[in-house]
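Structure data (TSV, C-alpha atoms and all ligand atoms) from work-v2.tsv:
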```tsv
chain	number	residue	atom	x	y	z
N	20	MET	CA	9.72	0.53	-3.58
N	21	THR	CA	10.34	-2.03	-6.22
N	22	ASP	CA	10.56	-5.78	-6.28
N	23	ARG	CA	12.75	-6.29	-9.33
N	24	LEU	CA	15.62	-7.62	-7.28
N	25	PRO	CA	15.37	-11.41	-7.39
N	26	THR	CA	13.68	-13.02	-4.40
N	27	GLY	CA	14.10	-16.45	-2.90
N	28	MET	CA	17.69	-16.79	-4.07
N	29	GLY	CA	19.36	-17.39	-0.74
N	30	ALA	CA	21.57	-20.46	-0.86
N	31	PRO	CA	22.48	-22.54	2.20
N	32	VAL	CA	26.08	-22.37	3.43
N	33	ARG	CA	27.93	-25.32	4.92
N	34	LEU	CA	31.22	-25.45	6.80
N	35	GLU	CA	32.82	-28.86	7.34
N	36	HIS	CA	35.54	-29.15	9.96
N	37	VAL	CA	36.88	-25.71	9.16
N	38	THR	CA	40.00	-24.62	11.02
N	39	LYS	CA	41.88	-21.35	10.63
N	40	ARG	CA	45.20	-20.71	12.32
N	41	PHE	CA	47.08	-17.43	12.49
N	42	GLY	CA	50.48	-18.64	13.65
N	43	GLN	CA	49.86	-20.05	17.14
N	44	VAL	CA	46.32	-18.66	17.38
N	45	VAL	CA	43.52	-21.03	16.40
N	46	ALA	CA	40.90	-18.42	15.44
N	47	VAL	CA	38.39	-20.99	14.15
N	48	ASN	CA	38.68	-24.49	15.58
N	49	ASP	CA	37.12	-27.44	13.69
N	50	VAL	CA	33.82	-25.67	13.01
N	51	THR	CA	31.07	-27.67	11.33
N	52	LEU	CA	28.02	-25.57	10.61
N	53	GLU	CA	24.91	-25.80	8.45
N	54	ILE	CA	23.38	-22.43	7.65
N	55	PRO	CA	19.97	-22.89	6.01
N	56	GLY	CA	19.09	-20.90	2.90
N	57	GLN	CA	17.01	-17.72	3.16
N	58	LYS	CA	17.39	-17.54	6.92
N	59	MET	CA	19.10	-14.99	9.11
N	60	VAL	CA	21.76	-16.66	11.21
N	61	THR	CA	23.75	-14.79	13.83
N	62	LEU	CA	27.25	-15.58	15.02
N	63	LEU	CA	27.36	-14.45	18.63
N	64	GLY	CA	30.18	-14.49	21.11
N	65	PRO	CA	32.70	-12.39	23.03
N	66	SER	CA	35.49	-10.38	21.45
N	67	GLY	CA	38.12	-12.53	19.80
N	68	CYS	CA	35.98	-15.71	19.61
N	69	GLY	CA	36.34	-15.95	15.81
N	70	LYS	CA	33.19	-14.33	14.42
N	71	THR	CA	34.83	-12.02	11.90
N	72	THR	CA	37.28	-14.71	10.85
N	73	THR	CA	34.38	-17.10	10.18
N	74	LEU	CA	32.65	-14.49	8.00
N	75	ARG	CA	35.84	-13.73	6.09
N	76	ILE	CA	36.34	-17.45	5.51
N	77	ILE	CA	32.84	-17.76	4.05
N	78	ALA	CA	33.44	-14.68	1.88
N	79	GLY	CA	36.72	-16.09	0.61
N	80	LEU	CA	38.78	-13.25	2.09
N	81	GLU	CA	40.69	-15.70	4.26
N	82	THR	CA	42.16	-19.04	3.20
N	83	ILE	CA	41.55	-21.87	5.63
N	84	SER	CA	44.07	-24.20	7.24
N	85	SER	CA	41.81	-27.23	6.80
N	86	GLY	CA	38.19	-28.15	6.09
N	87	ARG	CA	35.68	-27.52	3.30
N	88	ILE	CA	33.15	-24.82	2.47
N	89	PHE	CA	29.99	-25.18	0.38
N	90	ILE	CA	27.52	-22.62	-0.93
N	91	GLY	CA	24.41	-24.39	-2.15
N	92	ASP	CA	25.67	-27.64	-3.72
N	93	ARG	CA	28.95	-26.10	-4.85
N	94	GLU	CA	32.20	-26.49	-3.01
N	95	VAL	CA	33.88	-23.08	-2.89
N	96	THR	CA	36.83	-23.92	-0.64
N	97	HIS	CA	39.35	-22.90	-3.29
N	98	GLN	CA	37.27	-20.29	-5.10
N	99	PRO	CA	38.40	-16.67	-4.89
N	100	ALA	CA	36.10	-14.15	-3.20
N	101	SER	CA	35.12	-12.53	-6.49
N	102	GLN	CA	33.60	-15.78	-7.74
N	103	ARG	CA	31.44	-16.46	-4.71
N	104	PRO	CA	27.79	-15.24	-4.79
N	105	ILE	CA	28.39	-13.30	-1.59
N	106	THR	CA	28.72	-9.71	-0.47
N	107	MET	CA	29.84	-8.39	2.87
N	108	VAL	CA	28.88	-5.27	4.82
N	109	PHE	CA	31.46	-4.04	7.29
N	110	GLN	CA	31.17	-2.22	10.57
N	111	SER	CA	33.11	0.72	9.18
N	112	TYR	CA	30.89	0.98	6.05
N	113	ALA	CA	34.04	1.33	3.92
N	114	LEU	CA	32.44	3.82	1.52
N	115	PHE	CA	34.59	5.67	-1.00
N	116	PRO	CA	34.69	9.22	0.41
N	117	HIS	CA	35.28	10.92	-2.94
N	118	LEU	CA	32.40	9.16	-4.71
N	119	ASN	CA	28.78	10.20	-4.34
N	120	VAL	CA	26.04	7.82	-3.18
N	121	PHE	CA	25.15	6.73	-6.71
N	122	GLU	CA	28.75	5.94	-7.65
N	123	ASN	CA	29.40	4.14	-4.36
N	124	VAL	CA	26.48	1.82	-5.02
N	125	ALA	CA	27.31	1.49	-8.72
N	126	TYR	CA	30.96	0.63	-8.11
N	127	GLY	CA	30.71	-3.17	-8.26
N	128	LEU	CA	28.44	-3.13	-11.31
N	129	ARG	CA	30.83	-0.81	-13.19
N	130	ASN	CA	33.66	-3.23	-12.44
N	131	MET	CA	31.56	-5.96	-14.02
N	132	GLY	CA	31.21	-3.80	-17.12
N	133	LEU	CA	27.42	-3.58	-17.09
N	134	PRO	CA	25.81	-1.12	-19.54
N	135	GLN	CA	25.00	2.33	-18.13
N	136	GLY	CA	21.22	1.90	-18.41
N	137	GLU	CA	21.21	-1.31	-16.43
N	138	ILE	CA	23.45	0.20	-13.79
N	139	ARG	CA	21.12	3.17	-13.38
N	140	THR	CA	18.08	0.91	-12.91
N	141	ALA	CA	19.80	-1.43	-10.47
N	142	VAL	CA	21.22	1.40	-8.35
N	143	SER	CA	17.84	3.14	-8.17
N	144	GLU	CA	16.21	-0.08	-7.06
N	145	ALA	CA	18.79	-0.75	-4.39
N	146	LEU	CA	18.59	2.80	-3.05
N	147	ALA	CA	14.78	2.63	-2.98
N	148	LEU	CA	15.00	-0.63	-1.04
N	149	VAL	CA	17.01	0.99	1.73
N	150	GLY	CA	14.97	4.21	1.71
N	151	LEU	CA	17.60	6.50	0.19
N	152	ALA	CA	15.99	7.49	-3.12
N	153	GLY	CA	16.80	11.13	-3.88
N	154	LEU	CA	20.19	11.21	-2.16
N	155	GLU	CA	22.18	9.92	-5.17
N	156	GLY	CA	24.27	13.09	-5.50
N	157	ARG	CA	25.46	13.37	-1.90
N	158	LEU	CA	28.94	12.51	-0.72
N	159	PRO	CA	29.30	10.13	2.27
N	160	SER	CA	30.46	13.07	4.42
N	161	GLN	CA	27.10	14.74	3.80
N	162	LEU	CA	25.17	11.80	5.26
N	163	SER	CA	24.32	10.69	8.80
N	164	GLY	CA	25.82	7.48	10.19
N	165	GLY	CA	22.56	5.63	9.62
N	166	GLN	CA	22.36	6.84	6.03
N	167	GLN	CA	25.97	5.84	5.37
N	168	GLN	CA	25.23	2.38	6.68
N	169	ARG	CA	22.23	2.18	4.33
N	170	VAL	CA	24.47	3.10	1.40
N	171	ALA	CA	26.80	0.27	2.38
N	172	LEU	CA	23.82	-2.07	2.48
N	173	ALA	CA	22.56	-0.87	-0.93
N	174	ARG	CA	26.04	-1.40	-2.35
N	175	ALA	CA	25.92	-5.00	-1.13
N	176	LEU	CA	22.35	-5.66	-2.29
N	177	VAL	CA	22.91	-4.24	-5.79
N	178	MET	CA	25.22	-7.19	-6.48
N	179	ARG	CA	22.24	-9.52	-5.97
N	180	PRO	CA	24.12	-11.84	-3.64
N	181	GLN	CA	22.74	-15.17	-2.52
N	182	VAL	CA	24.44	-14.69	0.79
N	183	LEU	CA	24.79	-11.39	2.61
N	184	LEU	CA	27.43	-11.19	5.33
N	185	LEU	CA	27.03	-8.48	7.94
N	186	ASP	CA	29.86	-7.83	10.40
N	187	GLU	CA	28.50	-5.77	13.30
N	188	PRO	CA	26.83	-3.51	10.75
N	189	LEU	CA	25.05	-1.38	13.33
N	190	SER	CA	27.72	-0.80	15.94
N	191	ASN	CA	28.47	2.75	14.83
N	192	LEU	CA	24.85	3.82	15.24
N	193	ASP	CA	23.21	5.12	18.41
N	194	ALA	CA	20.89	2.80	20.33
N	195	LYS	CA	17.62	4.09	18.90
N	196	LEU	CA	18.76	4.05	15.28
N	197	ARG	CA	20.31	0.64	15.80
N	198	LYS	CA	16.93	-0.80	16.75
N	199	GLN	CA	15.22	0.80	13.76
N	200	VAL	CA	17.85	-0.24	11.19
N	201	ARG	CA	18.01	-3.79	12.51
N	202	GLN	CA	14.26	-4.15	11.99
N	203	GLU	CA	14.60	-2.79	8.46
N	204	LEU	CA	17.48	-5.17	7.78
N	205	ARG	CA	15.51	-8.14	9.01
N	206	ALA	CA	12.47	-7.17	6.91
N	207	LEU	CA	14.65	-6.73	3.79
N	208	GLN	CA	16.41	-10.06	4.28
N	209	GLN	CA	13.07	-11.84	4.57
N	210	ARG	CA	11.49	-10.00	1.67
N	211	LEU	CA	14.40	-10.69	-0.69
N	212	GLY	CA	14.86	-14.26	0.54
N	213	ILE	CA	18.60	-13.75	0.97
N	214	THR	CA	20.65	-15.90	3.32
N	215	GLY	CA	21.93	-13.52	5.97
N	216	ILE	CA	24.88	-14.21	8.24
N	217	TYR	CA	25.08	-11.58	10.90
N	218	VAL	CA	27.84	-11.00	13.41
N	219	THR	CA	27.31	-9.28	16.70
N	220	HIS	CA	28.42	-9.49	20.31
N	221	ASP	CA	25.15	-7.90	21.42
N	222	GLN	CA	22.84	-10.68	22.56
N	223	SER	CA	19.64	-8.61	22.43
N	224	GLU	CA	20.41	-7.76	18.80
N	225	ALA	CA	20.95	-11.46	18.10
N	226	LEU	CA	17.67	-12.44	19.75
N	227	ALA	CA	15.80	-9.79	17.77
N	228	VAL	CA	17.04	-10.48	14.22
N	229	SER	CA	17.82	-14.19	14.06
N	230	ASP	CA	16.14	-17.37	12.92
N	231	LEU	CA	19.13	-19.20	14.35
N	232	ILE	CA	21.97	-18.20	16.64
N	233	VAL	CA	25.42	-19.77	16.68
N	234	VAL	CA	27.20	-19.14	19.98
N	235	MET	CA	30.99	-19.24	19.70
N	236	ARG	CA	33.78	-19.24	22.23
N	237	ASP	CA	37.52	-19.42	21.51
N	238	GLY	CA	36.89	-20.48	17.92
N	239	VAL	CA	34.59	-23.34	18.92
N	240	VAL	CA	30.83	-23.52	18.34
N	241	GLN	CA	29.09	-23.93	21.70
N	242	GLN	CA	25.50	-24.28	20.53
N	243	VAL	CA	23.29	-23.68	17.50
N	244	GLY	CA	19.60	-23.05	18.05
N	245	THR	CA	16.65	-20.71	17.78
N	246	PRO	CA	16.71	-17.76	20.17
N	247	GLU	CA	14.13	-19.56	22.30
N	248	GLU	CA	16.11	-22.81	22.42
N	249	LEU	CA	19.25	-21.02	23.52
N	250	TYR	CA	17.38	-19.03	26.16
N	251	THR	CA	15.38	-21.89	27.63
N	252	ARG	CA	17.73	-24.87	27.06
N	253	PRO	CA	21.34	-23.66	26.99
N	254	ALA	CA	23.86	-26.42	26.30
N	255	ASN	CA	26.28	-25.19	28.94
N	256	ALA	CA	27.03	-22.55	31.54
N	257	PHE	CA	28.72	-20.27	29.02
N	258	VAL	CA	25.64	-20.12	26.77
N	259	ALA	CA	23.34	-19.71	29.78
N	260	ARG	CA	25.31	-16.66	30.90
N	261	PHE	CA	25.80	-15.21	27.45
N	262	ILE	CA	22.12	-15.25	26.44
N	263	GLY	CA	20.25	-13.14	28.97
N	264	ASP	CA	20.93	-13.04	32.69
N	265	ALA	CA	21.28	-16.35	34.46
N	266	ASN	CA	21.77	-17.59	38.00
N	267	LEU	CA	23.73	-20.83	38.15
N	268	VAL	CA	23.51	-22.82	41.36
N	269	GLU	CA	24.72	-26.24	42.37
N	270	ALA	CA	21.88	-28.74	42.65
N	271	GLU	CA	21.65	-32.33	43.78
N	272	VAL	CA	19.55	-34.72	41.71
N	273	ARG	CA	18.27	-37.80	43.60
N	274	GLY	CA	15.69	-40.17	42.19
N	275	GLY	CA	14.33	-37.56	39.82
N	276	GLN	CA	14.04	-34.91	42.57
N	277	VAL	CA	16.12	-31.77	42.46
N	278	TRP	CA	17.41	-30.15	45.65
N	279	VAL	CA	19.21	-26.87	46.25
N	280	LYS	CA	20.50	-26.66	49.84
N	281	GLY	CA	17.47	-28.34	51.38
N	282	TYR	CA	14.94	-26.65	49.10
N	283	ARG	CA	13.15	-29.08	46.82
N	284	VAL	CA	12.97	-27.36	43.47
N	285	PRO	CA	9.71	-27.88	41.57
N	286	ASP	CA	10.56	-30.13	38.61
N	287	PRO	CA	12.92	-28.16	36.36
N	288	PRO	CA	13.23	-29.22	32.71
N	289	GLY	CA	16.46	-30.89	31.61
N	290	PRO	CA	18.16	-34.29	31.86
N	291	LYS	CA	17.72	-35.79	35.36
N	292	ALA	CA	20.46	-38.33	35.96
N	293	ASP	CA	21.45	-38.56	39.63
N	294	GLY	CA	24.37	-36.50	40.83
N	295	ARG	CA	25.59	-32.97	41.44
N	296	ARG	CA	24.58	-30.65	38.64
N	297	LEU	CA	24.28	-27.02	37.68
N	298	LEU	CA	20.81	-25.55	37.70
N	299	MET	CA	20.11	-22.39	35.71
N	300	ILE	CA	17.42	-20.04	36.96
N	301	ARG	CA	16.45	-16.87	35.15
N	302	PRO	CA	16.03	-13.90	37.55
N	303	GLU	CA	12.39	-13.47	36.45
N	304	ALA	CA	11.62	-17.06	37.46
N	305	ILE	CA	12.38	-16.48	41.14
N	306	SER	CA	9.64	-15.17	43.37
N	307	ILE	CA	10.64	-13.41	46.54
N	308	ARG	CA	8.68	-12.96	49.77
N	309	PRO	CA	9.56	-11.92	53.31
N	310	ALA	CA	10.43	-14.95	55.43
N	311	ASP	CA	7.54	-14.52	57.85
N	312	GLY	CA	4.80	-16.39	56.03
N	313	GLU	CA	1.95	-13.98	56.87
N	314	THR	CA	2.88	-11.41	54.25
N	315	ALA	CA	3.61	-13.94	51.55
N	316	LYS	CA	1.92	-12.60	48.45
N	317	ASP	CA	1.94	-15.84	46.52
N	318	ALA	CA	0.87	-17.95	49.47
N	319	SER	CA	-1.53	-20.70	48.49
N	320	GLY	CA	-3.06	-20.66	51.94
N	321	GLU	CA	-1.94	-24.21	52.64
N	322	PRO	CA	-0.30	-24.86	55.99
N	323	GLY	CA	3.48	-24.97	55.89
N	324	GLN	CA	3.69	-22.81	52.78
N	325	ALA	CA	5.64	-20.12	54.60
N	326	ASP	CA	8.51	-22.50	55.23
N	327	THR	CA	9.08	-23.60	51.64
N	328	GLY	CA	11.58	-21.93	49.40
N	329	LEU	CA	15.24	-21.18	49.62
N	330	PRO	CA	16.07	-18.92	52.58
N	331	GLY	CA	18.03	-15.77	51.89
N	332	ARG	CA	18.72	-12.19	52.86
N	333	VAL	CA	18.32	-9.11	50.68
N	334	VAL	CA	21.65	-7.48	49.80
N	335	HIS	CA	20.20	-4.77	47.54
N	336	GLY	CA	16.84	-3.92	46.08
N	337	PHE	CA	16.55	-1.66	43.06
N	338	TYR	CA	13.25	0.08	42.30
N	339	GLN	CA	12.40	-0.19	38.58
N	340	GLY	CA	8.87	1.21	38.46
N	341	MET	CA	6.61	-1.75	37.76
N	342	SER	CA	9.23	-4.19	38.98
N	343	ALA	CA	12.13	-4.52	41.40
N	344	GLU	CA	15.52	-6.10	40.97
N	345	TYR	CA	17.15	-7.79	43.96
N	346	LEU	CA	20.47	-9.27	44.87
N	347	VAL	CA	19.90	-11.95	47.51
N	348	ASP	CA	22.45	-13.83	49.60
N	349	THR	CA	21.65	-17.55	49.98
N	350	ASP	CA	23.50	-20.72	50.95
N	351	ALA	CA	23.61	-21.48	47.23
N	352	GLY	CA	25.36	-18.20	46.46
N	353	GLN	CA	24.24	-14.69	45.57
N	354	LEU	CA	21.19	-14.72	43.30
N	355	MET	CA	19.72	-12.08	41.03
N	356	VAL	CA	15.94	-11.84	41.39
N	357	ILE	CA	13.48	-9.80	39.36
N	358	ASP	CA	10.13	-9.25	41.03
N	359	ALA	CA	8.06	-8.45	37.96
N	360	HIS	CA	4.90	-7.57	39.86
N	361	LEU	CA	6.00	-5.17	42.52
N	362	ASP	CA	2.90	-4.37	44.58
N	363	GLY	CA	4.43	-2.74	47.62
N	364	PRO	CA	7.64	-1.07	48.72
N	365	VAL	CA	10.99	-2.58	47.74
N	366	LEU	CA	12.30	-4.86	50.51
N	367	PRO	CA	15.18	-3.13	52.33
N	368	PRO	CA	18.68	-4.64	52.65
N	369	GLY	CA	18.91	-7.25	55.40
N	370	THR	CA	15.30	-8.48	55.03
N	371	PRO	CA	15.11	-12.25	55.54
N	372	VAL	CA	13.31	-13.74	52.54
N	373	ARG	CA	12.26	-17.00	50.96
N	374	LEU	CA	12.87	-17.59	47.28
N	375	ALA	CA	10.79	-19.96	45.15
N	376	PHE	CA	11.82	-21.09	41.65
N	377	ALA	CA	9.32	-21.46	38.80
N	378	PRO	CA	9.90	-24.39	36.38
N	379	ARG	CA	9.42	-22.22	33.31
N	380	GLY	CA	12.57	-20.22	33.91
N	381	MET	CA	14.79	-23.11	34.99
N	382	TYR	CA	16.97	-25.60	33.20
N	383	LEU	CA	19.10	-28.40	34.57
N	384	LEU	CA	22.35	-28.29	32.59
N	385	PRO	CA	23.79	-31.51	31.15
N	386	GLU	CA	26.12	-33.57	33.33
N	387	GLY	CA	29.70	-32.46	33.59
N	388	GLU	CA	28.91	-28.73	33.43
N	389	THR	CA	30.73	-26.66	35.99
N	390	ALA	CA	30.26	-23.00	36.73
N	391	ALA	CA	32.41	-21.29	34.13
N	392	PRO	CA	33.45	-17.73	34.86
N	393	ALA	CA	30.81	-15.23	33.78
N	394	ALA	CA	31.08	-14.27	30.13
N	395	ALA	CA	32.71	-10.90	29.80
N	396	ALA	CA	30.04	-8.81	28.12
N	397	SER	CA	32.22	-6.80	25.83
Y	401	LIG	N1	45.13	-11.41	10.62
Y	401	LIG	C1	45.27	-11.94	11.84
Y	401	LIG	N2	46.51	-12.28	12.30
Y	401	LIG	C2	46.65	-12.85	13.52
Y	401	LIG	N3	45.65	-13.11	14.36
Y	401	LIG	C3	44.41	-12.79	13.97
Y	401	LIG	C4	44.15	-12.18	12.70
Y	401	LIG	N4	42.82	-11.99	12.58
Y	401	LIG	C5	42.27	-12.43	13.72
Y	401	LIG	N5	43.22	-12.92	14.56
Y	401	LIG	C6	42.99	-13.52	15.89
Y	401	LIG	O1	41.99	-14.53	15.74
Y	401	LIG	C7	41.09	-14.52	16.84
Y	401	LIG	C8	39.66	-14.32	16.32
Y	401	LIG	O2	39.55	-13.00	15.80
Y	401	LIG	P1	38.20	-12.43	15.18
Y	401	LIG	O3	38.51	-11.11	14.58
Y	401	LIG	O4	37.60	-13.46	14.29
Y	401	LIG	O5	37.31	-12.26	16.48
Y	401	LIG	P2	35.85	-11.62	16.64
Y	401	LIG	O6	35.00	-12.68	17.26
Y	401	LIG	O7	35.38	-11.05	15.36
Y	401	LIG	O8	36.09	-10.49	17.72
Y	401	LIG	P3	35.46	-9.00	17.85
Y	401	LIG	O9	34.12	-9.17	18.53
Y	401	LIG	O10	36.41	-8.29	18.75
Y	401	LIG	O11	35.35	-8.40	16.49
Y	401	LIG	C9	41.58	-13.44	17.77
Y	401	LIG	O12	42.38	-14.05	18.75
Y	401	LIG	C10	42.41	-12.55	16.87
Y	401	LIG	O13	43.40	-11.89	17.60
Y	402	MG	MG	34.95	-9.09	14.72
```
Could you render the structure from this file as structure tokens?
Amino acid sequence: MTDRLPTGMGAPVRLEHVTKRFGQVVAVNDVTLEIPGQKMVTLLGPSGCGKTTTLRIIAGLETISSGRIFIGDREVTHQPASQRPITMVFQSYALFPHLNVFENVAYGLRNMGLPQGEIRTAVSEALALVGLAGLEGRLPSQLSGGQQQRVALARALVMRPQVLLLDEPLSNLDAKLRKQVRQELRALQQRLGITGIYVTHDQSEALAVSDLIVVMRDGVVQQVGTPEELYTRPANAFVARFIGDANLVEAEVRGGQVWVKGYRVPDPPGPKADGRRLLMIRPEAISIRPADGETAKDASGEPGQADTGLPGRVVHGFYQGMSAEYLVDTDAGQLMVIDAHLDGPVLPPGTPVRLAFAPRGMYLLPEGETAAPAAAAS
């Protein structure tokens, strides 16, 4: 491993009111976005929401209909792709099949007319960085999918970009390899101090690799935040459903108290103006106990405890080893419940239960939010 590639070079990227139309389709709709330097930022959203188009706009592969783009202090709106300090890694790797690993990685440097000695050093460094030293002579067809993706990454890194764009770079790899390569990618990005902009529609991948996540829908940015901010304080129902599993129920806020169908919910975080609102509850934040108070496992022993909670009836219980996952019918709708500390048999279908919500896994969505249809997890 070598450290001769420059570190700490990652420039910030800024989009100001960027819109891109393809005929009638508005692929990117008035997007204003500040991507801090040397961070890994993920664009996350369902198929067709404009992720790839946004990356291609930043790379200069797509002209925009309106707006401005900056890299560092420089406006690049009208600069061709070749003059931007950016490289892009594609889902399909896009390696040259007839060139060996060395020549694939060297390609961009040869085009720049660098002397042979410098090319050899730079290619060796890049291949060492991605753990492929020794495979210089192989053709892409003689490599595994994971190795091919590493060649594509080395080919991007050898250009010493300030900004590295990654469009679903791991989607052709199997689940295990995907996890490994994404950790390597994250470590490399941090070590080199590159600005990384990563596209995925896999929310667990986004949570794992990102400093910041940008959630998009229909070309519009829904929310920008750290993984924790998006998970605990989603801006709207779409984000709540897209990041992790979420129950959304209608709640009534009165004088600072929050009620769900006669159950007084213990003080959820979020803005508390009076009115009807949507309450998000993560499945792990709901405790479940049989409705007859005697067997309540989280009973505090205080009188009346057995009657608190939202009444419901088990639809299904799924045994998961240490935990159980339930679907429960309530007056507030069907709720997903994860009992993380299963200490007895799974409750059978039809069991009358009481559900209690824990503040830590709840969030009262801002006013005006209505239950949007569940995000299609593509
Ligand atoms: N060259 C093009 N001509 C016409 N429409 C396009 C073109 N490229 C993209 N679009 C449209 O723009 C919208 C955004 O596409 P984009 O490829 O950015 O989505 P995406 O978020 O990357 O989706 P996916 O997760 O499926 O890759 C889609 O409606 C798409 O059909
Ligand atoms: Mg795409």
Write out as a tab-separated table the residues of chain N that have any atom within 9 Å of an atom of ligand LIG 401 (chain Y), one row each with the nearest atom pair and its distance in Å to one decimal, counting all atoms listed in the file, sorted by chain and then rising number.
```
residue	atom	partner	partner_atom	distance
N:Lys39	CA	Y:LIG401	O1	8.5
N:Arg40	CA	Y:LIG401	O1	7.8
N:Phe41	CA	Y:LIG401	C2	4.7
N:Gly42	CA	Y:LIG401	C2	6.9
N:Gln43	CA	Y:LIG401	N3	8.6
N:Val44	CA	Y:LIG401	O1	6.2
N:Val45	CA	Y:LIG401	O1	6.7
N:Ala46	CA	Y:LIG401	O1	4.1
N:Val47	CA	Y:LIG401	C8	7.1
N:Leu62	CA	Y:LIG401	O6	8.6
N:Leu63	CA	Y:LIG401	O6	8.0
N:Gly64	CA	Y:LIG401	O6	6.4
N:Pro65	CA	Y:LIG401	O9	5.7
N:Ser66	CA	Y:LIG401	O9	3.4
N:Gly67	CA	Y:LIG401	O5	3.4
N:Cys68	CA	Y:LIG401	O6	4.0
N:Gly69	CA	Y:LIG401	O4	3.2
N:Lys70	CA	Y:LIG401	O6	3.8
N:Thr71	CA	Y:LIG401	O7	3.6
N:Thr72	CA	Y:LIG401	O4	3.7
N:Thr73	CA	Y:LIG401	O4	6.4
N:Leu74	CA	Y:LIG401	O4	8.1
N:Arg75	CA	Y:LIG401	O4	8.4
N:Glu81	CA	Y:LIG401	N1	8.9
N:Asp186	CA	Y:LIG401	O7	8.1
N:Glu187	CA	Y:LIG401	O11	8.0
N:Val218	CA	Y:LIG401	O7	7.8
N:Thr219	CA	Y:LIG401	O9	7.1
N:His220	CA	Y:LIG401	O9	6.0
N:Met235	CA	Y:LIG401	O6	8.1
N:Arg236	CA	Y:LIG401	O6	8.3
N:Asp237	CA	Y:LIG401	C8	7.6
N:Gly238	CA	Y:LIG401	C8	6.9
N:Ser397	CA	Y:LIG401	O9	7.9
```
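Interatomic distance, CA of Ala173 (chain N) to CA of Gly79 (chain N): 20.8 Å.
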Gap from CA of Thr349 (chain N) to CA of Gly336 (chain N) - Å, one decimal: 15.0 Å
Nearest-residue call for Leu249 (chain N), choices N:Ala30, N:Ile262, N:Gly352, N:Ile357, using only C-alpha atoms: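 Closest candidate: N:Ile262.
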Separation of CA of Thr389 (chain N) from CA of Ala351 (chain N), in Å and rounded to one decimal: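 Distance reported for this atom pair: 14.3 Å.
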Polymer residues at most 10 Å from region 161-163 of chain N, all atoms listed in the file, same-chain spacing of 4 or more positions, as a list in words: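 Those residues are Pro116, Asn119, Val120, Leu154, Gly156, Arg157, Gln167, Gln168, Arg169, Val170 and Leu192 of chain N.
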Residue among N:Leu185, N:Pro99, N:Gln222, N:Met178 lying closest to Met131 (chain N), counting all atoms listed in the file: N:Met178
Step by step: start from the point (16.4, 0.8, 8.7) in the file's coordinates, keep every protein, DNA or RNA residue that has an atom no farther than 8 Å from it, count all atoms listed in the file, and write the set as an mmCIF file with C-alpha atoms, in the frame of the given file.
```cif
data_model
loop_
_atom_site.group_PDB
_atom_site.id
_atom_site.type_symbol
_atom_site.label_atom_id
_atom_site.label_comp_id
_atom_site.auth_asym_id
_atom_site.auth_seq_id
_atom_site.Cartn_x
_atom_site.Cartn_y
_atom_site.Cartn_z
ATOM 1 C CA VAL N 149 17.010 0.990 1.730
ATOM 2 C CA GLY N 150 14.970 4.210 1.710
ATOM 3 C CA GLY N 165 22.560 5.630 9.620
ATOM 4 C CA ARG N 169 22.230 2.180 4.330
ATOM 5 C CA LEU N 196 18.760 4.050 15.280
ATOM 6 C CA GLN N 199 15.220 0.800 13.760
ATOM 7 C CA VAL N 200 17.850 -0.240 11.190
ATOM 8 C CA ARG N 201 18.010 -3.790 12.510
ATOM 9 C CA GLN N 202 14.260 -4.150 11.990
ATOM 10 C CA GLU N 203 14.600 -2.790 8.460
ATOM 11 C CA LEU N 204 17.480 -5.170 7.780
#
```
For Leu298 (chain N), the nearest of the candidates N:Ala225, N:Val372, N:Met381, N:Leu346, counting all atoms listed in the file: N:Met381
Surrounding residues of Gln102 (chain N) excluding itself and chain neighbours under 6 positions, 12 Å, all atoms listed in the file, as a ChimeraX atom specification: /N:77-80,90,93-96,131,180
Among listed residues N:Thr61, N:Phe376, N:Gly127, N:Asp293, nearest Ser101 (chain N) (using only C-alpha atoms):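 Looking only at the distances to Ser101 (chain N), the closest residue turns out to be N:Gly127.
The residues that lie within 10 Å of the point (10.5, -2.0, 45.6), counting only C-alpha atoms, are Gly336, Phe337, Tyr338, Gln339, Gly340, Met341, Ser342, Ala343, Glu344, Tyr345, Asp358, His360, Leu361, Asp362, Gly363, Pro364, Val365, Leu366 and Pro367 of chain N.
In terms of minimum interatomic distance to ligand MG 402 (chain Y), N:Ser111 ranks closest within N:Gln181, N:Gln98, N:Thr82, N:Ser111, counting all atoms listed in the file.
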Which of N:Gln135, N:Thr251, N:Ser190, N:Ser143 sits closest to ligand MG 402 (chain Y) [using only C-alpha atoms and all ligand atoms]: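 Using only C-alpha atoms and all ligand atoms, ligand MG 402 (chain Y) sits closest to N:Ser190.
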Please build the interface table for region 328-394 of chain N against region 273-279 of chain N with a cut-off of 10 Å, listing for each qualifying residue the nearest atom pair and the distance in Å to one decimal; count only C-alpha atoms, order rows by chain and increasing number, and write it as JSON lines.
```
{"residue": "N:Gly328", "atom": "CA", "partner": "N:Val279", "partner_atom": "CA", "distance": 9.6}
{"residue": "N:Leu329", "atom": "CA", "partner": "N:Val279", "partner_atom": "CA", "distance": 7.7}
{"residue": "N:Asp350", "atom": "CA", "partner": "N:Val279", "partner_atom": "CA", "distance": 8.8}
{"residue": "N:Ala351", "atom": "CA", "partner": "N:Val279", "partner_atom": "CA", "distance": 7.0}
{"residue": "N:Leu383", "atom": "CA", "partner": "N:Val277", "partner_atom": "CA", "distance": 9.1}
```
Long-range neighbours of Pro290 (chain N) as an MDAnalysis selection string, 12 Å cut-off, all atoms listed in the file, 4 positions minimum in chain: chainID N and resid 252 254 272 275:277 286 294 296:298 382:387
Contacts of Ala375 (chain N) at 9 Å (all atoms listed in the file; same-chain gap of 4+ positions) as a list in words: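 Skipping anything fewer than 4 positions along the chain leaves Tyr282, Val284, Pro285, Ala304, Ile305, Ser306, Ile307, Arg308, Thr327, Gly328 and Leu329 of chain N.
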